[in-house]
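J.: Could you have a look at this structure, given as structure tokens, before my questions?
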Amino acid sequence: MNRLLALVLISIFFLQVKAQSPKYRVISIPVEKNGIKVRDAWLGGFDSPQFSTCDLNQDGIPDLFVFDRVGNKVYTYLGNGGAIDTMFTYAPQYEPLFPQGLNNWALIRDYNNDGIPDIFTHTGLGTMVYKGSISNGLIHFDIVSKVLKYFQAPFSTNIYSNIQDIPAFTDVNGDGDIDVLTYDIFGSTIGYYENQTVENIGNPAFATDSFRFSLVTTCWGKAAQNQSTNSEQLNIDTAAECQYGSGIGAPNGSGNQRHSGNSLYSVKDPVYNTVDVLNGNVGYDDLFFLRNNGAGNPNANVYEWDSIFPRCGYSMLMASYPAAYGLHLDNSVLDDILLSPNGYANYDNATYPARNVKNVMYYKNTGDTTCWYAYQNDSFLVHHMLDFGTNSKPVFYDFNGDGLLDMIVGNYGYFDSIKTPVPFIGTLAYYQNTGTTTQPEFTEITVDLDSFSKYNLLGISPAFGDLNGDGKPDMLVGDNYGNLYYFQNGGTGGVSSFSSMTSSSYFNIQAGQFSAPFIYDVNGDSLLDLVIGNINGTLSYYWNFGSRQVPRFNKDSVVRNFGHVNVTPYGNVSGFSQPFIFKDKTGTIKLLVGSQSGTVYAYNIDPATVSDTGTTFALLDSNYLRESVGQNSTISVADINNDGDLEYLMGTATGGIMMYSDSVWDPSILLAVQDLPSTKGQLFIYPNPTKDYFICAFENTAFINPQTEVYDLLGQQIPVQTTVNDGKVIANCPNLISGFYVVRITDSGKTYTGRILLCK
């Protein structure tokens, strides 16, 4: 009985592994815009990116780490030493090496001066730190401080950091270790927390890897933000003034309690070697430049503030909460500066809408102390990618009837400061597939298909299907208010046309805010039905009780809470479900659902039970792609190169698009053997540590017919599904528990072994 049970469990395991086979990023499909190839078309877009330089592959050339506050998404680039516009090459293979718990802000610093990147990121009301190390040639991160603290007798207290803020982690007093500048809880004055490592050399309690901070002052630079105006108060001297603002001396709630939301970036003055600060404020487009003529100790003194910096050139302005980041690209004293929004671009924070296009300004360090920075452009890296503002919603659809699947892309909207009262413009973009049946290629035709922006809609979610039986697919569009707009296809000769709206309230259907429709014959009666997602994370199923030529839907034909699907993350109030239904190779009808969490949920559907309100679909996977695209994922599925494997077209909160596939299009997305230091006779296993998969390779020799075995530390063999691609063994292990495993590969009469650490 036990042996039989074991066989059953192993069989179930293999079935689960097969259902959860890995999906691979696709980044090489050509995309052309205005006659120019888009270099990083499939990167995923930026909304509120944060920038840090580091050395990802330990080759001595600065690489780039980008973290976007919208969706908490990591992007990695390798430096190639080229010109500024092309000096970074997108390298997504390094993204899985970073911790998944990064949120709101994440900056790379090397706090222990070992040449390996460390991470400072937000946690609760403070800062968490990850220490970087090198394992098997790859960067690995471990938590070394769950929250930075300073000692204030008799207790240790968190170094406060508001969720909307970005502190400065820099050597303020010039002693070689990293100190902290961060705003207080009222957002009025800057606290200076001095690292005590150098001051206690020889004391084992103050080792290089320790974090011992002392609060030097709560009023660094003797400056405070004005409560009622966008200005700075200088020469704050007394303790009361420092805490409550000039002229206010009582803690009665009437003090200078500025709203939270401050970004800090420290600038080293090349002449006086003092630390100055660039300070962004939520709700304002400008940066304050706080010029300091004192040291980094209590004598620091901001003697001048500038709200239009630099005055000698193109000022640093970014709606409506800018943050500055240094980009150290050469041996100059001053960094170049990147400026980007530090807020949320869409409805999540409609009070302070932020730019979501042309939203990375690049200022080059001139070396001229009379005017340090010269403006270069407003789309650093962004112009190399497809970016549709915020919340892109791409769909595969053959628009011109040539048999090749094109892309139609909806969005929440592009930022437009002139448009009122909501500064966003929603559109549909059309990218035509100008490739072949086996080699797709996309060309931008228009970013405002049929002048769709004239309808003044936001949160545009398109779906296609022949709803009136005339042989031409029609278009349904959901929006942020939950309406459904019907566009009958008026095209001829196979080319679609949606130049006029047929109905602004299709059958008076209201399925919830941010309606995301999908058209499919769900119950198998040859009539197209509607499945609609919404902000709540659930689905509504409207079955068609009309005919092919005259569809009929109403409130009596709806199954609310369809299949009891709910993709709202635990503790959240919204889920942003977006459905896609298709029939897989086995004939099973699958339901995939994009979500606010950025992952894709997968279910099987039985057409015979879909109308039963008591039916609950079995959840196959809550992360079908084995990766999150950040936030607010949308999905469209097709085999666009006719190789029998599916491609997955993804929309993202950051406004770009991403592509995944069941097959490997781009081996470069996997860490190649040449990325790792070579050791003769060594079996390379990477990423290591890993989570859901690992890759095995032997020096520069391709495996021919490898037999792979995986054992736990008790010597028990563990069933793992493997494939061979490009001479490498790819093992899928999403269900293995955390711990060490031994990998043994036999090929051509030789046996190779290695060890892998799984961290779940």
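For the structure tokens, the naming scheme is as follows: chains receive sequential letters (A, B, ...) according to their order of presentation, residues are indexed from 1 within each chain, and ligands are indexed from 1 in presentation order.
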Compile the contact shell of Asp285 in chain A as a PyMOL selection string: residues with an atom at most 6 Å away, counting only C-alpha atoms, same-chain residues fewer than 2 positions apart removed.
T.: chain A and resi 317-321
J.: Which residue gives the smallest distance to Ala91 in chain A among A:Asn112, A:Phe580, A:Leu56, A:Lys37, with only C-alpha atoms counted?
T.: A:Leu56
J.: What residues in range 417-598 of chain A get the DSSP label strand (DSSP E or B)? Please answer as a compact mmCIF listing (two decimals) with N, CA and C atoms, in the first residue's frame.
T.:
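Saved the output as part05.txt:
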```txt
# COMPACT_ATOMS: atom_id res chain seq x y z
N PHE A 424 -4.74 62.55 -17.94
CA PHE A 424 -4.36 61.36 -18.67
C PHE A 424 -5.18 61.24 -19.94
N ILE A 425 -4.58 60.67 -20.98
CA ILE A 425 -5.26 60.43 -22.25
C ILE A 425 -5.19 58.94 -22.55
N LEU A 428 -5.87 53.54 -27.93
CA LEU A 428 -5.56 52.20 -28.43
C LEU A 428 -4.40 52.34 -29.42
N ALA A 429 -3.36 51.55 -29.26
CA ALA A 429 -2.24 51.54 -30.20
C ALA A 429 -2.34 50.31 -31.09
N TYR A 430 -1.86 50.42 -32.32
CA TYR A 430 -1.90 49.33 -33.28
C TYR A 430 -0.49 49.05 -33.79
N TYR A 431 -0.01 47.84 -33.52
CA TYR A 431 1.28 47.38 -34.02
C TYR A 431 1.04 46.21 -34.98
N GLN A 432 1.35 46.42 -36.24
CA GLN A 432 1.09 45.42 -37.27
C GLN A 432 2.23 44.40 -37.31
N ASN A 433 1.84 43.14 -37.44
CA ASN A 433 2.83 42.07 -37.62
C ASN A 433 3.29 42.09 -39.07
N PHE A 442 7.01 43.29 -35.52
CA PHE A 442 5.93 44.25 -35.33
C PHE A 442 6.38 45.66 -35.70
N THR A 443 5.47 46.39 -36.35
CA THR A 443 5.74 47.76 -36.76
C THR A 443 4.63 48.67 -36.25
N GLU A 444 5.02 49.77 -35.60
CA GLU A 444 4.02 50.70 -35.10
C GLU A 444 3.31 51.39 -36.26
N ILE A 445 1.98 51.28 -36.27
CA ILE A 445 1.17 51.96 -37.27
C ILE A 445 0.59 53.25 -36.69
N THR A 446 0.06 53.16 -35.47
CA THR A 446 -0.49 54.34 -34.79
C THR A 446 -0.58 54.06 -33.31
N SER A 461 -9.60 48.50 -21.91
CA SER A 461 -9.31 47.07 -21.99
C SER A 461 -10.07 46.48 -23.17
N PRO A 462 -9.39 46.21 -24.31
CA PRO A 462 -10.08 45.74 -25.51
C PRO A 462 -10.24 44.22 -25.57
N ALA A 463 -11.29 43.77 -26.26
CA ALA A 463 -11.53 42.35 -26.53
C ALA A 463 -12.18 42.24 -27.91
N PHE A 464 -11.95 41.11 -28.60
CA PHE A 464 -12.42 40.97 -29.97
C PHE A 464 -13.17 39.66 -30.16
N GLY A 465 -14.24 39.73 -30.96
CA GLY A 465 -15.03 38.55 -31.30
C GLY A 465 -16.19 38.94 -32.20
N ASP A 474 -15.81 41.93 -33.92
CA ASP A 474 -16.15 43.23 -33.37
C ASP A 474 -15.28 43.50 -32.14
N MET A 475 -15.38 44.70 -31.59
CA MET A 475 -14.55 45.07 -30.44
C MET A 475 -15.42 45.51 -29.28
N LEU A 476 -15.14 44.96 -28.10
CA LEU A 476 -15.70 45.43 -26.84
C LEU A 476 -14.57 46.07 -26.04
N VAL A 477 -14.88 47.18 -25.40
CA VAL A 477 -13.88 47.89 -24.59
C VAL A 477 -14.45 48.14 -23.20
N GLY A 478 -13.73 47.69 -22.18
CA GLY A 478 -14.07 48.04 -20.81
C GLY A 478 -13.28 49.25 -20.37
N LEU A 484 -19.13 49.02 -20.68
CA LEU A 484 -18.74 48.25 -21.85
C LEU A 484 -19.16 49.00 -23.09
N TYR A 485 -18.20 49.27 -23.97
CA TYR A 485 -18.45 50.01 -25.20
C TYR A 485 -18.32 49.03 -26.38
N TYR A 486 -19.32 49.06 -27.27
CA TYR A 486 -19.37 48.13 -28.39
C TYR A 486 -19.04 48.86 -29.69
N PHE A 487 -18.07 48.31 -30.44
CA PHE A 487 -17.68 48.85 -31.73
C PHE A 487 -17.89 47.76 -32.78
N SER A 503 -22.33 51.31 -29.46
CA SER A 503 -23.08 51.42 -28.20
C SER A 503 -22.13 51.81 -27.09
N ALA A 516 -12.79 44.29 -17.55
CA ALA A 516 -11.85 43.69 -18.50
C ALA A 516 -12.55 42.54 -19.20
N PRO A 517 -13.18 42.79 -20.36
CA PRO A 517 -13.98 41.75 -21.01
C PRO A 517 -13.13 40.76 -21.81
N PHE A 518 -13.68 39.55 -21.96
CA PHE A 518 -13.12 38.55 -22.87
C PHE A 518 -14.28 37.84 -23.54
N ILE A 519 -14.16 37.59 -24.85
CA ILE A 519 -15.24 37.03 -25.65
C ILE A 519 -14.87 35.59 -26.01
N TYR A 520 -15.76 34.62 -25.63
CA TYR A 520 -15.45 33.20 -25.85
C TYR A 520 -16.73 32.39 -25.67
N ASP A 529 -19.93 34.08 -25.61
CA ASP A 529 -20.31 34.60 -24.29
C ASP A 529 -19.30 35.66 -23.85
N LEU A 530 -19.55 36.23 -22.69
CA LEU A 530 -18.66 37.25 -22.12
C LEU A 530 -18.19 36.81 -20.74
N VAL A 531 -16.89 36.90 -20.50
CA VAL A 531 -16.33 36.75 -19.16
C VAL A 531 -15.60 38.05 -18.86
N ILE A 532 -15.94 38.69 -17.73
CA ILE A 532 -15.47 40.05 -17.47
C ILE A 532 -14.80 40.13 -16.10
N GLY A 533 -13.56 40.61 -16.10
CA GLY A 533 -12.86 40.85 -14.84
C GLY A 533 -13.15 42.25 -14.33
N LEU A 539 -14.69 37.39 -11.32
CA LEU A 539 -15.13 37.34 -12.71
C LEU A 539 -16.65 37.23 -12.78
N SER A 540 -17.22 37.83 -13.82
CA SER A 540 -18.64 37.67 -14.11
C SER A 540 -18.78 37.00 -15.47
N TYR A 541 -19.67 36.00 -15.54
CA TYR A 541 -19.90 35.26 -16.78
C TYR A 541 -21.30 35.55 -17.30
N TYR A 542 -21.38 36.18 -18.48
CA TYR A 542 -22.66 36.46 -19.12
C TYR A 542 -22.82 35.49 -20.30
N VAL A 558 -26.32 36.20 -16.07
CA VAL A 558 -25.00 36.40 -15.49
C VAL A 558 -24.76 35.45 -14.34
N VAL A 559 -23.54 34.93 -14.29
CA VAL A 559 -23.08 34.16 -13.14
C VAL A 559 -22.02 35.02 -12.45
N GLN A 578 -8.14 40.00 -14.99
CA GLN A 578 -8.25 40.14 -16.45
C GLN A 578 -8.17 38.74 -17.04
N PRO A 579 -9.29 38.23 -17.61
CA PRO A 579 -9.34 36.83 -18.04
C PRO A 579 -8.89 36.61 -19.48
N PHE A 580 -8.41 35.40 -19.73
CA PHE A 580 -8.16 34.91 -21.09
C PHE A 580 -8.47 33.42 -21.08
N ILE A 581 -9.24 32.95 -22.07
CA ILE A 581 -9.66 31.55 -22.14
C ILE A 581 -9.19 30.96 -23.45
N PHE A 582 -8.65 29.75 -23.41
CA PHE A 582 -8.20 29.07 -24.62
C PHE A 582 -8.23 27.57 -24.40
N LYS A 583 -8.15 26.83 -25.50
CA LYS A 583 -8.12 25.37 -25.44
C LYS A 583 -6.68 24.91 -25.65
N ILE A 589 -10.11 23.21 -21.71
CA ILE A 589 -10.31 24.66 -21.73
C ILE A 589 -9.66 25.26 -20.49
N LYS A 590 -8.74 26.16 -20.72
CA LYS A 590 -8.00 26.79 -19.63
C LYS A 590 -8.42 28.24 -19.48
N LEU A 591 -8.49 28.65 -18.24
CA LEU A 591 -8.75 30.04 -17.88
C LEU A 591 -7.49 30.60 -17.22
N LEU A 592 -6.93 31.64 -17.84
CA LEU A 592 -5.82 32.36 -17.24
C LEU A 592 -6.33 33.73 -16.80
N VAL A 593 -5.88 34.19 -15.64
CA VAL A 593 -6.36 35.45 -15.10
C VAL A 593 -5.19 36.30 -14.64
N GLY A 594 -5.01 37.47 -15.27
CA GLY A 594 -4.03 38.43 -14.80
C GLY A 594 -4.52 39.08 -13.51
```
J.: Which residues come within 9 Å of Val710 in chain A, counting only C-alpha atoms, excluding same-chain residues fewer than 6 positions away, as number ranges by chain?
T.: A: 716-720, 741-745
J.: Kindly provide the residues of range 632-725 of chain A that approach range 357-369 of chain A to within 12 Å, each paired with its closest atom pair and their distance in Å to one decimal, based on only C-alpha atoms, listed by chain and increasing number, as a tab-separated table.
T.:
```
residue	atom	partner	partner_atom	distance
A:Thr654	CA	A:Val357	CA	10.0
A:Gly655	CA	A:Val357	CA	9.0
A:Gly656	CA	A:Val357	CA	10.6
```
J.: For a quick check of understanding, using only C-alpha atoms, which of A:Phe703, A:Phe141, A:Trp220, A:Tyr160 has the smallest distance to Asn235 in chain A?
T.: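 Checking each candidate against Asn235 in chain A, we get A:Trp220 as the closest.
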J.: Need the shell around Ile756 in chain A: protein/DNA/RNA residues with any atom at most 9 Å away, counting only C-alpha atoms. Skip same-chain ones fewer than 6 positions apart. Format as a list in words?
T.: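 Here the qualifying residues turn out to be Ile685, Tyr686, Pro687, Asn688, Pro689, Thr690, Phe694, Gly739, Phe740, Tyr741, Val742 and Val743 of chain A.
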J.: At a cut-off of 8 Å, using only C-alpha atoms, what residues contact Ala731 in chain A? Leave out same-chain residues fewer than 5 positions from it and give the result as a list in words.
T.: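 The residues that qualify are Tyr693, Phe694, Ile695, Val720, Gln721, Thr722 and Thr723 of chain A.
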J.: Fewer than 3 positions away in the same chain doesn't count, so skip those; otherwise give me all residues within 6 Å of range 612-619 of chain A, counting only C-alpha atoms, as a list of chain:residue names.
T.: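 Using only C-alpha atoms, the neighbours found are A:Gly563, A:His564, A:Tyr603, A:Thr609.
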J.: Name the residues in contact with Gln152 in chain A at a cut-off of 10 Å, using only C-alpha atoms, excluding same-chain residues fewer than 4 positions from it; report them as a list in words.
T.: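 My reading of the contact set: Ser156, Thr157, Phe213, Ser214 and Leu215 of chain A.
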J.: Tell me, which residues of range 547-667 of chain A carry DSSP helix (DSSP H, G or I), written as a ChimeraX atom specification?
T.: /A:555-557,562-564,607-609,667
J.: Which residue out of A:Asn299, A:Ser135, A:Asn544, A:Ser340 has the minimum interatomic distance to Arg755 in chain A when only C-alpha atoms are used?
T.: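 Ranked by minimum distance to Arg755 in chain A, first place goes to A:Ser135.
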J.: Figure out the distance between CA of Thr123 in chain A and CA of Cys242 in chain A, please, to one decimal in Å.
T.: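 Between CA of Cys242 in chain A and CA of Thr123 in chain A the gap works out to 26.3 Å.
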J.: Looking at A:Asp336, A:Asp470, A:Asp63, A:Asp177, which one is nearest to Gly491 in chain A, with distances taken over only C-alpha atoms?
T.: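 The answer is A:Asp470, which sits nearest to Gly491 in chain A.
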J.: Calculate how many Å separate CA of Ala41 in chain A from CA of Gly494 in chain A, rounding to one decimal.
T.: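 Computed distance, CA of Ala41 in chain A to CA of Gly494 in chain A, equals 27.9 Å.
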